[in-house]
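Student: I have a structure here, written as structure tokens, and I will follow up with some questions on it.
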Amino acid sequence: MDFQAWPDAQGRFGAYGGSYVAETLMAPLAELREAYERLSADPGFLAELDRDLQHYVGRPSPIYHAEQLSRHVGGARILLKREDLNHTGAHKINNTIGQALVARHMGKQRVIAETGAGQHGVATATVAARFGMRCVVYMGAVDIERQKINVYRMKLLGAEVVPVTSGSKTLKDALNEAMRDWVTNVADTFYIIGTVAGPHPYPKMVRDFNAIVGREARAQMLEQYGRLPDVLTACVGGGSNAIGLFHAFLNDAEVRMVGAEAAGLGLATGHHAASLAAGRPGVLHGNRTYVLCDDNGQITETHSVSAGLDYPGVGPEHAFLKDAGRAEYVGITDDEALEAFHLLARTEGILAALESSHAVAQAMKLARELPKDGIVLCNLSGRGDKDVHTIAAREGVEV
Amino acid sequence: MTRIDTRFAQLKAAGRTGLIPFVAAGDPSPQHMVALMHTLVAAGADLIELGVPFSDPMADGPVIQHASERAIAKGVGLNEVLGWVGEFRRRDADTPIVLMGYLNPVEIHGYARFAQEAVAAGVDGVLLVDCPLEESAVLQPLRDAGLQQILLAAPTTAPVRMAQLCGSAEGFLYYVSFAGITGAAQLSTSDIAARVADIRARASAPVAVGFGIRDAASAVAIGKFADAVVIGSALVESLSGAMDAADIEGRARDFLQPIRAALDAS
């Protein structure tokens with residue numbers, strides 16, 4: 001099977017994806033689909049995007065052999081794709097710069113976004129500032145409390161941050177509220193979704209903009225190591241950094257792929273956000289995918305130490321890759337992620353985001369299973385400065 | 001003829017505008033739900049839209065969101081809602097019931113199982129907000145069982161698509177009066193009138209208009225050109241907090257009766 005051929009024209013990845021939205025959004029989605037199809041085939045647009053990725057975002061990001069960490073673990077070599085070195089500190093800007101360019105070409109003056117950890121909100125506020133667009137970011141009240149630094153960063157960048165107090169007051173509710181804003185202001189507003197979820201064409205478009213991560217990494221592997229890695233790993237909340245890394249390798253059958261979901265306090269406790277590892281197929285936020293819900297179909301509250309993974313759904317392409325057996329998805333607990341955070345800090349001098357620390361923890365597990373000449377390529381999707389307060393609070397330290 | 005089709009035929013014959021109240025199932029009180037439905041009929045409802053609670057109601061404003069959250073907190077799900085419809089049907093064989101909500105509760109319940117149980121209970125149609133025509137193949141078991149799928153049309157609906165919706169509409173077509181969420185308060189009657197006239201010229205199904213209708217005055221204004229008016233958020237708001245049977249009945253009656261009277265007088 002050609003795994004890179006998806007989605008189909010209806011935005012379906014096998015049984016997943018699609019456009020499950022209210023009638024009011026069908027027209028703006030069609031308009032977006034047409035604009036994106038036209039622009040993504042336009043050499044001028046692609047050149048503009050490449051220029052920005054190089055000179056504004058700072059691409060390409062290196063792959064870095066974490067020798068001390070690898071030695072400490074005592075298995076295969078762990079390589080880190082350093083998305084934490086991008087402008088704004090995470091992979092999220094790959095997507096926001098792309099969507100903001102699409103918005104500009106569509107003549108939209110106002111952008112909105114939802115955010116969990118605040119990384120996508122910051123990346124959206126950043127490009128909005130640069131392109132002179134008004135920016136409103138919806139953020140769950142619980143996340144605003146645990147990500148104060150990013151909230152302030154967004155404000156410094158000129159964005160308005162709107163607290164969302166409905167439901168579980170986290171990422172999923174922020175997404176609901178952003179959708180409601182979009183329904184109400186479709187004429188002048190572009191909704192910059194931060195992950196590979198939502199209705200068609202978002203899962204495809206957000207993937208395309210993040211796929212540069214894997215394209216670069218694949219070329220860097222061949223150039224620097226003369227081979228492909230044995231296994232890829234990345235954290236999965238909505239799944240944008242994971243699909244960004246995986247996509248270029250999907251047809252390399254010898255490369256294994258493992259997504260690390262947030263197992264929170266443990267999958268058995270029910271306090272987690274592992275939609276693929278512990279959920280079931282359902283419909284949420286405009287697409288069919290794996291969701292965490294009860295027998296009444298009510299979406300359940302999730303738990304993760306990392307706000308960016310605290311989401312009860314997942315991008316439909318991951319659901320498809322799981323069912324097809326092309327990628328595996330496993331849970332990493334809060335404690336495992338924190339342990340990996342500290343170990344990476346002490347051995348390599350890198351403060352990883354709590355989200356990315358899940359991938360590091362999984363990379364360590366995979367490295368132990370492989371011989372010393374094996375290679376684990378881990379997406380270090382973001383830096384951890386934003387999480388310093390959360391970690392200090394957990395460890396009883398006053399900053 | 002289905003119960004919905006019969007009801008709209010009766011309305012047309014009598015020259016009346018249909019009145020469709022929406023209530024969030026389980027709110028304000030699960031144990032008084034069936035009594036509330038009978039009260040709505042006694043106060044002039046021609047059809048009842050029963051909102052199936054969902055945790056992530058993306059198209060709804062704060063009033064219905066909160067009603068949904070309250071119902072979920074009391075354990076209300078599809079099983080309870082179907083139970084109430086079944087109980088309602090023992091005393092009312094004529095008033096059509098449409099379940100309005102989102103796809104996930106039905107998907108998780110199972111389409112075939114839902115279809116069978118809903119028909120057995122006496123449900124007549126479903127309006128699944130996040131299941132547009134393009135995705136409605138999954139609803140085939142519902143159609144096979146005899147449930148009508150009520151489609152939405154919106155101010156943003158493009159002409160070609162509107163033609164498809166008009167061609168596929170069954171029961172009635174629900175025209176969303178403005179681009180926004182339920183319960184918002186912006187209505188430009190003349191714009192809506194033009195759109196509805198266009199739809200009525202093309203669709204064989206009757207047209208109900210909803211979103212933004214709050215009281216007798218706005219109902220009458222819309223009723224001049226629509227086959228029926230839907231009132232949701234304002235009713236849900238007026239019921240919220242009522243706890244005993246008499247209070248719920250009184251509030252529902254006091255809210256709906258003046259609207260019925262105004263529609264009939266206009």
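Naming scheme: A, B, ... for chains in displayed order of the structure tokens; residues 1 onward per chain; ligands 1 onward as shown.
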Using only C-alpha atoms, which chain A residues lie at most 8 Å away from chain B, written as a count of residues only?
Tutor: 33
Student: Within range 116-262 of chain A, find each residue whose DSSP state, derived from the backbone, is strand (DSSP E), and express the selection as a list of chain:residue names.
Tutor: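 DSSP on the backbone gives strand (DSSP E) at A:Arg134, A:Cys135, A:Val136, A:Val137, A:Tyr138, A:Met139, A:Gly140, A:Glu160, A:Val161, A:Val162, A:Pro163, A:Val164, A:Thr189, A:Phe190, A:Tyr191, A:Val231, A:Leu232, A:Thr233, A:Ala234, A:Cys235, A:Val236, A:Arg256, A:Met257, A:Val258, A:Gly259, A:Ala260, A:Glu261, A:Ala262.
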Student: Could you give me, as a list in words, the residues within 9 Å of Thr170 in chain A, counting only C-alpha atoms and dropping anything in the same chain fewer than 4 positions from it?
Tutor: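 Surrounding residues, per the criterion: Thr115, Gly116, Met139, Gly140, Ala141, Val142, Asp143, Ile144, Val164, Thr165, Ser166, Ala174, Leu175, Glu301, Ala307, Asp310 and Tyr311 of chain A.
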Student: Mind checking which residues fall within 9 Å of range 93-100 of chain B, counting only C-alpha atoms, ignoring those fewer than 3 positions away in the same chain, and posting them as a VMD selection string?
Tutor: chain B and resid 2 to 4 6 to 7 22 41 45 to 53 81 85 88 to 90 122 to 129 148 150
Student: Can you write out the residues you just picked, keeping N, CA and C atoms, as a tab-separated table (two decimals), in the first residue's frame?
Tutor:
chain	number	residue	atom	x	y	z
B	2	THR	N	-45.49	9.73	7.31
B	2	THR	CA	-44.87	9.75	8.63
B	2	THR	C	-45.59	10.76	9.53
B	3	ARG	N	-45.32	10.62	10.83
B	3	ARG	CA	-45.94	11.55	11.78
B	3	ARG	C	-45.56	13.00	11.46
B	4	ILE	N	-44.29	13.20	11.04
B	4	ILE	CA	-43.84	14.58	10.73
B	4	ILE	C	-44.58	15.11	9.51
B	6	THR	N	-47.45	14.15	8.30
B	6	THR	CA	-48.86	14.35	8.64
B	6	THR	C	-49.04	15.68	9.37
B	7	ARG	N	-48.15	15.93	10.32
B	7	ARG	CA	-48.28	17.16	11.11
B	7	ARG	C	-48.14	18.41	10.23
B	22	PHE	N	-37.58	23.44	21.44
B	22	PHE	CA	-36.43	22.55	21.70
B	22	PHE	C	-36.21	22.55	23.20
B	41	VAL	N	-46.84	20.25	24.58
B	41	VAL	CA	-47.90	19.98	23.60
B	41	VAL	C	-49.18	20.73	24.00
B	45	ALA	N	-47.21	23.21	21.25
B	45	ALA	CA	-46.13	22.66	20.41
B	45	ALA	C	-46.73	21.76	19.34
B	46	ASP	N	-46.24	21.89	18.11
B	46	ASP	CA	-46.68	21.00	17.03
B	46	ASP	C	-45.73	19.84	16.85
B	47	LEU	N	-44.51	20.01	17.30
B	47	LEU	CA	-43.46	18.99	17.16
B	47	LEU	C	-42.46	19.31	18.27
B	48	ILE	N	-41.84	18.31	18.82
B	48	ILE	CA	-40.86	18.59	19.88
B	48	ILE	C	-39.47	18.15	19.42
B	49	GLU	N	-38.53	19.06	19.59
B	49	GLU	CA	-37.12	18.70	19.39
B	49	GLU	C	-36.53	18.43	20.76
B	50	LEU	N	-35.99	17.22	20.89
B	50	LEU	CA	-35.42	16.81	22.16
B	50	LEU	C	-33.91	16.75	21.99
B	51	GLY	N	-33.19	17.58	22.72
B	51	GLY	CA	-31.74	17.63	22.59
B	51	GLY	C	-31.08	16.50	23.36
B	52	VAL	N	-30.34	15.67	22.65
B	52	VAL	CA	-29.60	14.59	23.32
B	52	VAL	C	-28.29	15.20	23.83
B	53	PRO	N	-28.06	15.14	25.14
B	53	PRO	CA	-26.88	15.82	25.67
B	53	PRO	C	-25.57	15.26	25.11
B	81	VAL	N	-33.11	9.06	27.24
B	81	VAL	CA	-33.89	9.87	26.29
B	81	VAL	C	-34.90	8.98	25.56
B	85	VAL	N	-39.13	9.11	25.53
B	85	VAL	CA	-39.95	9.17	24.32
B	85	VAL	C	-40.98	8.04	24.35
B	88	PHE	N	-43.67	8.95	26.78
B	88	PHE	CA	-44.48	10.04	26.20
B	88	PHE	C	-45.49	9.48	25.21
B	89	ARG	N	-45.04	8.53	24.39
B	89	ARG	CA	-45.89	7.97	23.33
B	89	ARG	C	-47.12	7.24	23.87
B	90	ARG	N	-47.06	6.78	25.12
B	90	ARG	CA	-48.22	6.06	25.66
B	90	ARG	C	-49.43	6.97	25.75
B	122	GLY	N	-40.76	5.41	19.42
B	122	GLY	CA	-41.67	6.39	18.84
B	122	GLY	C	-41.00	7.67	18.39
B	123	VAL	N	-39.69	7.61	18.16
B	123	VAL	CA	-38.97	8.77	17.60
B	123	VAL	C	-39.27	8.84	16.11
B	124	ASP	N	-39.39	10.07	15.59
B	124	ASP	CA	-39.74	10.21	14.18
B	124	ASP	C	-38.58	10.66	13.30
B	125	GLY	N	-37.69	11.44	13.87
B	125	GLY	CA	-36.59	11.93	13.04
B	125	GLY	C	-35.38	12.25	13.90
B	126	VAL	N	-34.25	12.45	13.23
B	126	VAL	CA	-33.04	12.85	13.93
B	126	VAL	C	-32.42	14.05	13.21
B	127	LEU	N	-31.89	14.96	14.01
B	127	LEU	CA	-31.14	16.07	13.43
B	127	LEU	C	-29.76	16.01	14.08
B	128	LEU	N	-28.81	15.47	13.35
B	128	LEU	CA	-27.46	15.32	13.89
B	128	LEU	C	-26.60	16.45	13.33
B	129	VAL	N	-26.32	17.39	14.21
B	129	VAL	CA	-25.74	18.67	13.81
B	129	VAL	C	-24.43	18.50	13.05
B	148	GLN	N	-36.60	9.80	9.85
B	148	GLN	CA	-36.28	10.83	8.86
B	148	GLN	C	-35.08	11.63	9.32
B	150	ILE	N	-33.38	14.99	9.42
B	150	ILE	CA	-33.66	16.42	9.22
B	150	ILE	C	-32.34	17.11	8.88
Student: Can you list, as a ChimeraX atom specification, every residue of range 104-191 of chain A that DSSP puts in helix (DSSP H, G or I)?
Tutor: /A:104-105,119-131,141-146,148-156,171-184
Student: If we count only C-alpha atoms, what is near range 354-364 of chain A at a cut-off of 7 Å, once residues fewer than 5 positions away on the same chain are taken out, given as a ChimeraX atom specification?
Tutor: /A:73,78,233-235,260,306,308-309,332,336-338,340-341,376,378-382,384,387
Student: Find the distance between CA of Ala211 in chain A and CA of Ala5 in chain A and write it in Å to one decimal.
Tutor: 13.8 Å
Student: If I take CA of Tyr329 in chain A and CA of Val314 in chain A, how far is one from the other in Å, to one decimal?
Tutor: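 Atom-to-atom, CA of Tyr329 in chain A and CA of Val314 in chain A are spaced 11.3 Å apart.
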Student: Work out how far apart CA of Gln147 in chain A and CA of Pro163 in chain A are and give it in Å to one decimal.
Tutor: 12.2 Å
Student: If we count only C-alpha atoms, what is near Leu235 in chain B at a cut-off of 8 Å, once residues fewer than 2 positions away on the same chain are taken out, given as number ranges by chain?
Tutor: B: 21-23, 214, 231-233, 237-239, 252, 255
Student: For the residues in the current selection, export C-alpha atoms as a short mmCIF file (atom, residue, chain, number, x, y, z; two decimals), in the first residue's frame.
Tutor:
data_model
loop_
_atom_site.label_atom_id
_atom_site.label_comp_id
_atom_site.auth_asym_id
_atom_site.auth_seq_id
_atom_site.Cartn_x
_atom_site.Cartn_y
_atom_site.Cartn_z
CA PRO B 21 -39.88 23.99 20.99
CA PHE B 22 -36.43 22.55 21.70
CA VAL B 23 -35.68 21.28 25.18
CA ARG B 214 -36.65 34.29 21.47
CA ILE B 231 -37.40 28.09 19.78
CA GLY B 232 -34.56 26.60 21.81
CA SER B 233 -32.16 28.61 23.92
CA GLU B 237 -33.02 29.43 29.74
CA SER B 238 -36.48 30.08 31.10
CA LEU B 239 -36.70 26.49 32.40
CA ALA B 252 -43.04 26.03 30.12
CA PHE B 255 -43.22 30.75 27.91
#
Student: Skipping near chain neighbours, those fewer than 2 positions away, what residues fall within 10 Å of Ala128 in chain A using only C-alpha atoms, listed as a list of chain:residue names?
Tutor: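 In the requested format, the answer is A:Thr96, A:Ile97, A:Ala100, A:Leu101, A:Gln109, A:Arg110, A:Val111, A:Ile112, A:Val122, A:Ala123, A:Thr124, A:Ala125, A:Thr126, A:Arg130, A:Phe131, A:Gly132, A:Met133, A:Arg134, A:Cys135, A:Val136, A:Leu157, A:Gly158, A:Ala159.
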Student: Nearest to Glu369 in chain A: which of A:Ala35, A:Leu53, A:Leu232, A:Ala76 is it, counting only C-alpha atoms?
Tutor: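 Ranked by minimum distance to Glu369 in chain A, first place goes to A:Ala76.
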Student: Each residue of range 100-214 of chain A with at least one atom at most 8 Å from range 244-252 of chain A should appear once, together with its nearest atom pair and the corresponding distance in Å (one decimal); atoms considered: only C-alpha atoms; ordering: chain, then increasing residue number; output as a tab-separated table.
Tutor:
residue	atom	partner	partner_atom	distance
A:Arg207	CA	A:Gly244	CA	5.9
A:Asp208	CA	A:Gly244	CA	7.6
A:Phe209	CA	A:Gly244	CA	7.8
A:Asn210	CA	A:Gly244	CA	4.5
A:Ala211	CA	A:Gly244	CA	4.1
A:Ile212	CA	A:Gly244	CA	6.7
A:Val213	CA	A:Leu245	CA	5.3
A:Gly214	CA	A:Leu245	CA	4.0
